[in-house]
file run-v5.csv (CSV, C-alpha atoms)
chain,number,residue,atom,x,y,z
F,1,MET,CA,144.9,130.9,124.5
F,2,VAL,CA,144.8,127.4,123.1
F,3,LEU,CA,145.2,125.9,119.6
F,4,MET,CA,142.3,123.7,118.6
F,5,GLN,CA,142.4,122.2,115.1
F,6,ASP,CA,142.7,125.2,112.8
F,7,ASN,CA,141.5,127.8,115.4
F,8,ILE,CA,143.1,129.8,118.1
F,9,ILE,CA,140.7,130.1,121.1
F,10,TYR,CA,141.0,133.2,123.3
F,11,VAL,CA,139.6,132.7,126.8
F,12,GLY,CA,138.8,135.2,129.5
F,13,GLY,CA,141.3,137.9,130.4
F,14,GLU,CA,140.6,141.6,130.8
F,15,ARG,CA,138.9,144.1,128.5
F,16,ASN,CA,138.9,147.9,129.3
F,17,GLY,CA,140.1,147.1,132.8
F,18,LYS,CA,137.3,144.6,133.5
F,19,ILE,CA,137.7,140.9,133.9
F,20,THR,CA,135.7,139.0,131.3
F,21,ASN,CA,134.2,135.6,130.7
F,22,GLY,CA,134.2,136.1,127.0
F,23,VAL,CA,135.5,133.5,124.5
F,24,LYS,CA,136.4,134.1,120.9
F,25,SER,CA,137.8,131.9,118.1
F,26,TRP,CA,140.1,133.0,115.2
F,27,SER,CA,140.2,130.7,112.2
F,28,PHE,CA,143.4,130.2,110.2
F,29,LYS,CA,141.3,129.1,107.2
F,30,THR,CA,138.8,131.9,107.0
F,31,ARG,CA,140.8,134.7,108.7
F,32,THR,CA,137.7,135.6,110.7
F,33,TRP,CA,136.6,135.9,114.3
F,34,ARG,CA,133.5,134.3,115.9
F,35,ALA,CA,132.1,134.3,119.4
F,36,LEU,CA,131.9,131.1,121.4
F,37,PRO,CA,129.7,130.6,124.5
F,38,SER,CA,130.9,132.6,127.5
F,39,MET,CA,132.4,130.9,130.5
F,40,ILE,CA,130.4,130.5,133.7
F,41,HIS,CA,132.9,132.7,135.7
F,42,THR,CA,135.0,135.7,134.7
F,43,ARG,CA,138.7,134.9,134.8
F,44,SER,CA,141.9,136.8,134.5
F,45,TRP,CA,145.2,135.0,134.0
F,46,PRO,CA,143.7,131.5,134.0
F,47,SER,CA,145.5,128.4,132.7
F,48,VAL,CA,144.0,126.9,129.5
F,49,VAL,CA,144.7,123.5,128.0
F,50,LEU,CA,143.2,121.2,125.3
F,51,LEU,CA,142.5,117.6,126.2
F,52,ASN,CA,140.4,115.0,124.2
F,53,ASN,CA,139.1,117.9,122.0
F,54,SER,CA,137.7,119.7,125.1
F,55,ILE,CA,139.0,123.0,126.5
F,56,TYR,CA,139.7,123.2,130.2
F,57,VAL,CA,140.1,126.6,131.8
F,58,ILE,CA,141.7,126.4,135.3
F,59,GLY,CA,141.9,128.9,138.1
F,60,GLY,CA,142.7,132.6,137.4
F,61,GLU,CA,141.9,135.8,139.3
F,62,VAL,CA,138.6,137.3,140.2
F,63,THR,CA,137.8,141.0,140.7
F,64,ASN,CA,139.5,141.3,144.1
F,65,GLY,CA,142.7,139.8,142.8
F,66,GLN,CA,142.3,136.5,144.7
F,67,PRO,CA,142.9,133.3,142.7
F,68,LYS,CA,140.2,130.7,142.0
F,69,ARG,CA,140.1,127.0,142.5
F,70,SER,CA,137.3,126.3,140.0
F,71,VAL,CA,137.7,124.6,136.6
F,72,GLU,CA,135.5,124.8,133.6
F,73,MET,CA,135.3,122.6,130.5
F,74,TYR,CA,134.0,123.3,127.0
F,75,SER,CA,133.4,120.9,124.2
F,76,PRO,CA,132.5,122.1,120.6
F,77,GLY,CA,128.8,122.6,120.1
F,78,GLY,CA,128.1,122.5,123.8
F,79,LYS,CA,128.2,124.9,126.8
F,80,TRP,CA,130.7,125.4,129.6
F,81,LYS,CA,130.3,123.3,132.6
F,82,LEU,CA,132.1,123.1,136.0
F,83,VAL,CA,134.2,120.1,136.8
F,84,SER,CA,136.1,119.3,140.0
F,85,SER,CA,138.0,122.2,141.5
F,86,MET,CA,141.7,122.2,142.1
F,87,ILE,CA,143.1,121.4,145.5
F,88,THR,CA,145.0,124.8,145.6
F,89,GLN,CA,143.7,128.1,144.4
F,90,ARG,CA,146.0,129.6,141.8
F,91,SER,CA,146.4,132.0,138.9
F,92,GLN,CA,149.2,132.6,136.5
F,93,ALA,CA,150.1,128.9,136.5
F,94,GLY,CA,151.5,126.7,133.8
F,95,THR,CA,149.5,123.8,132.5
F,96,VAL,CA,149.9,120.9,130.0
F,97,ALA,CA,148.1,117.8,129.0
F,98,LEU,CA,150.0,114.5,129.0
F,99,ASN,CA,148.9,110.9,128.9
F,100,GLY,CA,145.2,111.7,129.2
F,101,LYS,CA,145.7,113.9,132.3
F,102,ILE,CA,146.2,117.6,133.0
F,103,PHE,CA,149.1,118.9,135.1
F,104,VAL,CA,149.0,122.4,136.7
F,105,MET,CA,152.3,123.9,138.0
F,106,GLY,CA,153.2,126.9,140.1
F,107,GLY,CA,151.5,130.3,139.7
F,108,PHE,CA,150.3,132.6,142.4
F,109,ASP,CA,148.2,131.2,145.3
F,110,GLY,CA,147.0,134.6,146.6
F,111,THR,CA,150.0,135.0,149.1
F,112,HIS,CA,153.1,133.5,147.5
F,113,ASP,CA,154.5,132.3,144.3
F,114,SER,CA,153.9,128.6,144.2
F,115,GLN,CA,156.0,125.5,143.7
F,116,SER,CA,153.1,123.1,144.1
F,117,VAL,CA,151.9,120.8,141.3
F,118,GLU,CA,148.6,118.9,140.9
F,119,CYS,CA,147.2,116.5,138.3
F,120,TYR,CA,143.6,116.2,137.0
F,121,ASP,CA,142.2,112.9,135.8
F,122,PRO,CA,139.0,113.5,133.7
F,123,SER,CA,138.0,109.8,133.9
F,124,SER,CA,137.6,110.1,137.7
F,125,ASN,CA,137.0,113.9,137.8
F,126,ASN,CA,139.6,114.1,140.6
F,127,TRP,CA,142.7,116.2,141.4
F,128,THR,CA,145.8,114.7,143.1
F,129,LEU,CA,148.9,116.4,144.4
F,130,CYS,CA,152.2,115.7,142.8
F,131,GLU,CA,155.8,116.2,144.0
F,132,ASP,CA,156.5,119.9,144.4
F,133,MET,CA,158.9,121.7,142.0
F,134,ASN,CA,162.4,122.6,143.3
F,135,LYS,CA,161.6,126.3,142.9
F,136,ALA,CA,158.5,128.5,142.8
F,137,HIS,CA,157.5,129.5,139.3
F,138,ASN,CA,155.0,132.4,138.7
F,139,PHE,CA,154.0,132.9,135.1
F,140,PRO,CA,156.1,130.0,133.9
F,141,SER,CA,156.3,128.6,130.4
F,142,VAL,CA,155.6,124.9,130.0
F,143,ALA,CA,156.0,122.3,127.3
F,144,VAL,CA,155.9,118.5,126.9
F,145,HIS,CA,158.6,116.5,125.1
F,146,ASN,CA,159.3,112.7,125.1
F,147,ASP,CA,156.8,112.2,128.0
F,148,TYR,CA,158.6,114.8,130.2
F,149,ILE,CA,157.2,118.2,131.3
F,150,TYR,CA,159.5,121.2,131.1
F,151,VAL,CA,158.8,124.2,133.3
F,152,LEU,CA,160.7,127.4,132.6
F,153,GLY,CA,161.3,130.7,134.4
F,154,GLY,CA,159.0,133.2,136.0
F,155,ILE,CA,158.5,137.0,135.8
F,156,THR,CA,160.9,137.9,138.7
F,157,GLU,CA,164.1,137.2,136.7
F,158,ASN,CA,163.6,133.4,137.4
F,159,ARG,CA,166.2,131.5,135.2
F,160,THR,CA,165.3,128.1,136.6
F,161,VAL,CA,164.3,125.3,134.2
F,162,GLU,CA,163.0,122.0,135.6
F,163,ARG,CA,161.9,118.7,134.0
F,164,TYR,CA,159.2,116.4,135.5
F,165,ASP,CA,158.9,112.7,135.0
F,166,PRO,CA,155.3,111.8,135.7
F,167,GLN,CA,156.1,108.1,135.9
F,168,MET,CA,158.6,108.6,138.7
F,169,ASN,CA,156.9,111.7,140.2
F,170,GLU,CA,160.3,113.4,140.2
F,171,TRP,CA,161.6,116.8,139.3
F,172,THR,CA,165.1,117.3,137.9
F,173,MET,CA,167.0,120.6,137.3
F,174,VAL,CA,168.3,121.2,133.8
F,175,CYS,CA,170.3,124.0,132.3
F,176,SER,CA,169.1,127.5,133.3
F,177,LEU,CA,167.9,130.1,130.9
F,178,ASN,CA,170.4,132.6,129.6
F,179,VAL,CA,168.1,135.4,130.8
F,180,GLY,CA,165.4,135.0,133.5
F,181,ARG,CA,161.9,135.9,132.6
F,182,GLY,CA,158.3,134.6,132.5
F,183,CYS,CA,155.3,134.8,130.1
F,184,MET,CA,157.4,133.4,127.3
F,185,GLY,CA,156.2,131.7,124.2
F,186,CYS,CA,157.5,128.1,124.6
F,187,VAL,CA,157.2,125.3,122.1
F,188,TRP,CA,159.1,122.2,121.0
F,189,LYS,CA,160.0,121.9,117.3
F,190,GLY,CA,161.6,118.5,116.8
F,191,ASP,CA,164.3,118.2,119.5
F,192,GLN,CA,164.6,122.0,120.0
F,193,LEU,CA,162.8,123.9,122.6
F,194,TRP,CA,162.1,127.5,121.4
F,195,VAL,CA,161.5,130.3,123.9
F,196,VAL,CA,160.3,133.6,122.6
F,197,GLY,CA,160.0,137.0,124.3
F,198,GLY,CA,158.6,137.3,127.8
F,199,GLU,CA,158.5,139.6,130.8
F,200,GLN,CA,161.1,140.4,133.4
F,201,ASN,CA,160.1,142.6,136.4
F,202,ASP,CA,157.5,144.5,134.4
F,203,LYS,CA,159.8,144.9,131.4
F,204,MET,CA,159.0,143.2,128.1
F,205,LYS,CA,161.8,141.3,126.4
F,206,ASN,CA,162.5,140.3,122.8
F,207,TYR,CA,164.9,137.5,123.5
F,208,VAL,CA,164.8,134.2,121.6
F,209,SER,CA,166.6,131.2,123.0
F,210,VAL,CA,166.7,127.5,121.9
F,211,TYR,CA,167.4,124.6,124.2
F,212,TYR,CA,169.0,121.4,122.9
F,213,ALA,CA,168.2,118.5,125.2
F,214,GLU,CA,171.1,116.5,123.7
F,215,TYR,CA,173.7,118.9,125.0
F,216,ASN,CA,171.6,120.4,127.9
F,217,LYS,CA,172.5,123.9,126.7
F,218,TRP,CA,170.7,127.1,125.6
F,219,PHE,CA,171.7,129.0,122.5
F,220,LYS,CA,170.7,132.6,121.6
F,221,ARG,CA,168.9,133.3,118.3
F,222,SER,CA,167.9,136.5,116.6
F,223,PRO,CA,165.5,138.6,118.7
F,224,ILE,CA,161.9,138.9,117.8
F,225,PRO,CA,161.1,142.4,116.5
F,226,ILE,CA,158.6,143.3,119.2
F,227,ALA,CA,159.3,142.8,122.9
F,228,ASP,CA,156.2,141.4,124.6
F,229,ARG,CA,154.6,138.3,126.2
F,230,TYR,CA,153.9,135.6,123.7
F,231,SER,CA,152.2,132.2,123.1
F,232,CYS,CA,153.7,129.8,120.6
F,233,TYR,CA,152.2,127.0,118.5
F,234,VAL,CA,153.5,124.8,115.8
F,235,VAL,CA,151.0,124.7,112.9
F,236,PRO,CA,151.1,123.2,109.3
F,237,LYS,CA,152.5,125.6,106.7
F,238,THR,CA,149.2,125.1,104.8
F,239,LEU,CA,147.3,127.0,107.5
F,240,LEU,CA,149.5,130.1,107.0
F,241,GLN,CA,149.0,130.3,103.2
F,242,SER,CA,146.8,133.1,101.8
F,243,GLN,CA,143.3,132.1,101.0

call {"tool": "encode", "arguments": {"input": "run-v5.csv", "output": "structure tokens"}}
result
Amino acid sequence: MVLMQDNIIYVGGERNGKITNGVKSWSFKTRTWRALPSMIHTRSWPSVVLLNNSIYVIGGEVTNGQPKRSVEMYSPGGKWKLVSSMITQRSQAGTVALNGKIFVMGGFDGTHDSQSVECYDPSSNNWTLCEDMNKAHNFPSVAVHNDYIYVLGGITENRTVERYDPQMNEWTMVCSLNVGRGCMGCVWKGDQLWVVGGEQNDKMKNYVSVYYAEYNKWFKRSPIPIADRYSCYVVPKTLLQSQ
């Protein structure tokens, strides 16, 4: 999923046990669904990110469970097109856009949980390797704050949280999560990093935690009513008002 203006775009995944290349958009304003052009390839567990008003869908699994290296891009009003493939095949990775580039971190490479990181520059259509993370993160949550990238957790009770400085190409360990998990909703709201729900060894969780960078500490908040995997976005309150 990715938030694009006043729409949430749902890309790929599985439907009735089959991997799909379908893409749909849900509008906050009209409360309606519409179909967008399908991707070139079917993809389960891809990474999805918005950069320069274009959607990039990165990696993911194919029918035999092996990760992909390929990357597709979609701009409104157009069709999906292939851009340069990643250096490393991976699914279930974290991805963010920062300073006009895309960073992809961790995931599963077909054999192992990955700690590798690579960066895509759309101006040159090239991928380059970055410094590896300190730990492997499969299904991590990721977010950007003050020009740093934060990578959190993983589905095998991973509590590790790391921060990346793209200028120095360095990873630093920060305060670990209270409870290790992956597939969490993760979003910065002001100077607070909110983490919602997630999965821990095939069990869904309803935990909610907030990280304060000023104190380098996590604090528990009231749990979300339904334990599950989540994606989180900050949107204007006007988008949530009834039409």

call {"tool": "closest_residue", "arguments": {"input": "run-v5.csv", "among": "F:Tyr164, F:Tyr230, F:Trp171, F:Tyr215", "to": "Met184 (chain F)", "atoms": "all atoms listed in the file"}}
result
F:Tyr230

call {"tool": "residues_near_point", "arguments": {"input": "run-v5.csv", "point": "(169.7, 130.1, 123.6)", "cutoff": "9 Å", "atoms": "all atoms listed in the file", "output": "mmCIF file with C-alpha atoms, in the frame of the given file"}}
result
data_model
loop_
_atom_site.group_PDB
_atom_site.id
_atom_site.type_symbol
_atom_site.label_atom_id
_atom_site.label_comp_id
_atom_site.auth_asym_id
_atom_site.auth_seq_id
_atom_site.Cartn_x
_atom_site.Cartn_y
_atom_site.Cartn_z
ATOM 1 C CA LEU F 177 167.900 130.100 130.900
ATOM 2 C CA ASN F 178 170.400 132.600 129.600
ATOM 3 C CA TRP F 194 162.100 127.500 121.400
ATOM 4 C CA VAL F 195 161.500 130.300 123.900
ATOM 5 C CA TYR F 207 164.900 137.500 123.500
ATOM 6 C CA VAL F 208 164.800 134.200 121.600
ATOM 7 C CA SER F 209 166.600 131.200 123.000
ATOM 8 C CA VAL F 210 166.700 127.500 121.900
ATOM 9 C CA TYR F 211 167.400 124.600 124.200
ATOM 10 C CA TYR F 212 169.000 121.400 122.900
ATOM 11 C CA LYS F 217 172.500 123.900 126.700
ATOM 12 C CA TRP F 218 170.700 127.100 125.600
ATOM 13 C CA PHE F 219 171.700 129.000 122.500
ATOM 14 C CA LYS F 220 170.700 132.600 121.600
ATOM 15 C CA ARG F 221 168.900 133.300 118.300
#

call {"tool": "closest_atom_pairs", "arguments": {"input": "run-v5.csv", "of": "region 92-196 of chain F", "to": "region 58-73 of chain F", "cutoff": "12 Å", "atoms": "only C-alpha atoms", "output": "JSON lines"}}
result
{"residue": "F:Gln92", "atom": "CA", "partner": "F:Gly60", "partner_atom": "CA", "distance": 6.6}
{"residue": "F:Ala93", "atom": "CA", "partner": "F:Gly60", "partner_atom": "CA", "distance": 8.3}
{"residue": "F:Gly94", "atom": "CA", "partner": "F:Ile58", "partner_atom": "CA", "distance": 9.9}
{"residue": "F:Thr95", "atom": "CA", "partner": "F:Ile58", "partner_atom": "CA", "distance": 8.7}
{"residue": "F:Val96", "atom": "CA", "partner": "F:Ile58", "partner_atom": "CA", "distance": 11.2}
{"residue": "F:Ile102", "atom": "CA", "partner": "F:Ile58", "partner_atom": "CA", "distance": 10.1}
{"residue": "F:Phe103", "atom": "CA", "partner": "F:Ile58", "partner_atom": "CA", "distance": 10.5}
{"residue": "F:Val104", "atom": "CA", "partner": "F:Ile58", "partner_atom": "CA", "distance": 8.4}
{"residue": "F:Met105", "atom": "CA", "partner": "F:Ile58", "partner_atom": "CA", "distance": 11.2}
{"residue": "F:Gly106", "atom": "CA", "partner": "F:Gly59", "partner_atom": "CA", "distance": 11.6}
{"residue": "F:Gly107", "atom": "CA", "partner": "F:Gly60", "partner_atom": "CA", "distance": 9.4}
{"residue": "F:Phe108", "atom": "CA", "partner": "F:Pro67", "partner_atom": "CA", "distance": 7.4}
{"residue": "F:Asp109", "atom": "CA", "partner": "F:Pro67", "partner_atom": "CA", "distance": 6.3}
{"residue": "F:Gly110", "atom": "CA", "partner": "F:Gln66", "partner_atom": "CA", "distance": 5.4}
{"residue": "F:Thr111", "atom": "CA", "partner": "F:Gln66", "partner_atom": "CA", "distance": 9.0}
{"residue": "F:His112", "atom": "CA", "partner": "F:Pro67", "partner_atom": "CA", "distance": 11.3}
{"residue": "F:Asp113", "atom": "CA", "partner": "F:Pro67", "partner_atom": "CA", "distance": 11.8}
{"residue": "F:Glu118", "atom": "CA", "partner": "F:Ile58", "partner_atom": "CA", "distance": 11.6}
{"residue": "F:Cys119", "atom": "CA", "partner": "F:Ile58", "partner_atom": "CA", "distance": 11.7}
{"residue": "F:Tyr120", "atom": "CA", "partner": "F:Val71", "partner_atom": "CA", "distance": 10.3}
{"residue": "F:Pro122", "atom": "CA", "partner": "F:Met73", "partner_atom": "CA", "distance": 10.3}
{"residue": "F:Asn125", "atom": "CA", "partner": "F:Val71", "partner_atom": "CA", "distance": 10.8}
{"residue": "F:Asn126", "atom": "CA", "partner": "F:Val71", "partner_atom": "CA", "distance": 11.4}
{"residue": "F:Trp127", "atom": "CA", "partner": "F:Val71", "partner_atom": "CA", "distance": 10.9}
{"residue": "F:Phe139", "atom": "CA", "partner": "F:Gly60", "partner_atom": "CA", "distance": 11.5}

call {"tool": "residues_around", "arguments": {"input": "run-v5.csv", "residues": "Gly100 (chain F)", "least_positions_apart": "6", "cutoff": "8 Å", "atoms": "all atoms listed in the file", "output": "VMD selection string"}}
result
chain F and resid 51 to 52 121 to 122

call {"tool": "closest_residue", "arguments": {"input": "run-v5.csv", "among": "F:Leu82, F:Ala143, F:Val2, F:Ile224", "to": "Gln192 (chain F)", "atoms": "only C-alpha atoms"}}
result
F:Ala143

call {"tool": "closest_residue", "arguments": {"input": "run-v5.csv", "among": "F:Ser141, F:Asn134, F:Gln200, F:Asn146", "to": "Glu162 (chain F)", "atoms": "only C-alpha atoms"}}
result
F:Asn134

call {"tool": "atom_distance", "arguments": {"input": "run-v5.csv", "atom1": "CA of Cys175 (chain F)", "atom2": "CA of Ile155 (chain F)"}}
result
17.9 Å

call {"tool": "closest_residue", "arguments": {"input": "run-v5.csv", "among": "F:Ala136, F:Cys130, F:Ile8, F:Cys232", "to": "Met168 (chain F)", "atoms": "only C-alpha atoms"}}
result
F:Cys130

call {"tool": "closest_residue", "arguments": {"input": "run-v5.csv", "among": "F:Gly17, F:Pro236, F:Gly198, F:Pro37", "to": "Val179 (chain F)", "atoms": "all atoms listed in the file"}}
result
F:Gly198

call {"tool": "closest_residue", "arguments": {"input": "run-v5.csv", "among": "F:Arg90, F:Lys81, F:Asn53, F:Gln5", "to": "Lys29 (chain F)", "atoms": "all atoms listed in the file"}}
result
F:Gln5
